[in-house]
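Worksheet for the structure shown next.
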Amino acid sequence: MLFQYLCGFKAVFYSTHSDDEPFILKNLIEKTRIAFVPLYMDVQQLINYKQYCKPLEKNDRVKANSLLEFHFYDEVMEFMLANNCKLEQEIISWLYERN
């Protein structure tokens with residue numbers, strides 16, 4: 001997690017795997033009532049780093065569909081299902097560190 005202070009307001013940015021961990025993000029938000037903001041976990045990251053994406057496994061599809069039932073992270077889950085892709089957060093972090 002990355003904590004950042006902007007204009008006197010504390011924003012908590014959460015960075016993790018985009019393939020599986022939105023469940024953890026959802027749980028953190030529900031349990032803590034803190035408005036975590038996903039960091040590097042959006043559709044644009046999947047598009048930008050498509051060459052590093054892996055195909056979804058059966059379990060990934062089940063989890064993505066479960067999140068869609070909760071209407072949590074819909075845009076990303078729909079993109080992942082439609083494009084049969086998932087992306088590990090470590091790839092994004094590694095590439096950002098290199099640049």
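In the structure tokens, each chain is lettered A, B, ... as it comes, each chain's residues begin at 1, and ligands are numbered from 1 in order of appearance.
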Contacts of Lys58 of chain A at 12 Å (only C-alpha atoms; same-chain gap of 4+ positions) as a CSV table (one decimal) with N, CA and C atoms, in the first residue's frame:
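Dumped to result-v9.csv:
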chain,number,residue,atom,x,y,z
A,62,VAL,N,-14.1,-17.7,-12.3
A,62,VAL,CA,-15.1,-17.8,-11.2
A,62,VAL,C,-15.0,-16.5,-10.3
A,63,LYS,N,-13.8,-16.2,-10.0
A,63,LYS,CA,-13.6,-15.0,-9.1
A,63,LYS,C,-14.0,-13.7,-9.8
A,64,ALA,N,-13.7,-13.6,-11.0
A,64,ALA,CA,-14.1,-12.3,-11.8
A,64,ALA,C,-15.6,-12.3,-11.8
A,65,ASN,N,-16.3,-13.4,-12.1
A,65,ASN,CA,-17.7,-13.4,-12.2
A,65,ASN,C,-18.3,-13.1,-10.8
A,81,LEU,N,-12.4,-10.8,-18.6
A,81,LEU,CA,-13.1,-11.9,-19.1
A,81,LEU,C,-13.2,-11.8,-20.6
A,84,ASN,N,-9.7,-12.5,-22.0
A,84,ASN,CA,-9.0,-13.7,-21.4
A,84,ASN,C,-7.6,-13.3,-21.0
A,85,CYS,N,-7.5,-12.3,-20.1
A,85,CYS,CA,-6.2,-11.9,-19.6
A,85,CYS,C,-6.2,-11.5,-18.1
Which residues are near segment 94-98 of chain A? Cut-off 12 Å, only C-alpha atoms, ignore same chain within fewer than 3 positions. Put them as a ChimeraX atom specification.
/A:40,45,48-49,52,88-91
With C-alpha atoms retained, export the selected residues as a JSON list (two decimals), in the first residue's frame.
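part_26.json was written with the following content:
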[["chain", "number", "residue", "atom", "x", "y", "z"],
["A", 40, "TYR", "CA", -2.15, 0.55, -11.32],
["A", 45, "GLN", "CA", -2.75, -1.13, -17.27],
["A", 48, "ASN", "CA", -0.55, -1.07, -21.73],
["A", 49, "TYR", "CA", 1.02, -4.32, -20.54],
["A", 52, "TYR", "CA", 2.86, -9.52, -20.14],
["A", 88, "GLU", "CA", 0.49, -9.67, -12.12],
["A", 89, "GLN", "CA", 1.16, -6.45, -10.24],
["A", 90, "GLU", "CA", 4.83, -7.34, -9.92],
["A", 91, "ILE", "CA", 5.23, -6.87, -13.68]]
Closest to Leu68 of chain A among A:Leu39, A:Ile92, A:Lys54, A:Lys26, using only C-alpha atoms?
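So, comparing all the options, the nearest one is A:Lys26.
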I need the residues of segment 14-91 of chain A that end up classed as strand (DSSP E or B) by DSSP on the backbone, written out as a PyMOL selection string.
chain A and resi 14+37-38+54+86
Would you mind exporting N, CA and C atoms of the selected residues as a compact mmCIF listing (two decimals), in the first residue's frame?
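Output saved as part.txt:
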# COMPACT_ATOMS: atom_id res chain seq x y z
N TYR A 14 -3.90 1.50 -3.02
CA TYR A 14 -3.68 0.08 -2.83
C TYR A 14 -3.18 -0.52 -4.13
N VAL A 37 -7.96 3.47 -2.88
CA VAL A 37 -7.99 3.76 -4.30
C VAL A 37 -7.04 2.77 -4.99
N PRO A 38 -7.55 1.97 -5.91
CA PRO A 38 -6.67 1.02 -6.61
C PRO A 38 -5.57 1.78 -7.37
N LYS A 54 -1.30 -13.00 -18.83
CA LYS A 54 -1.44 -14.45 -18.92
C LYS A 54 -2.92 -14.74 -19.18
N LYS A 86 -5.05 -11.73 -17.55
CA LYS A 86 -4.79 -11.27 -16.19
C LYS A 86 -3.35 -10.77 -16.16
Can you list, as an MDAnalysis selection string, every residue of segment 14-70 of chain A that DSSP puts in alpha helix (DSSP H)?
chainID A and resid 22:32 43:48 58:69
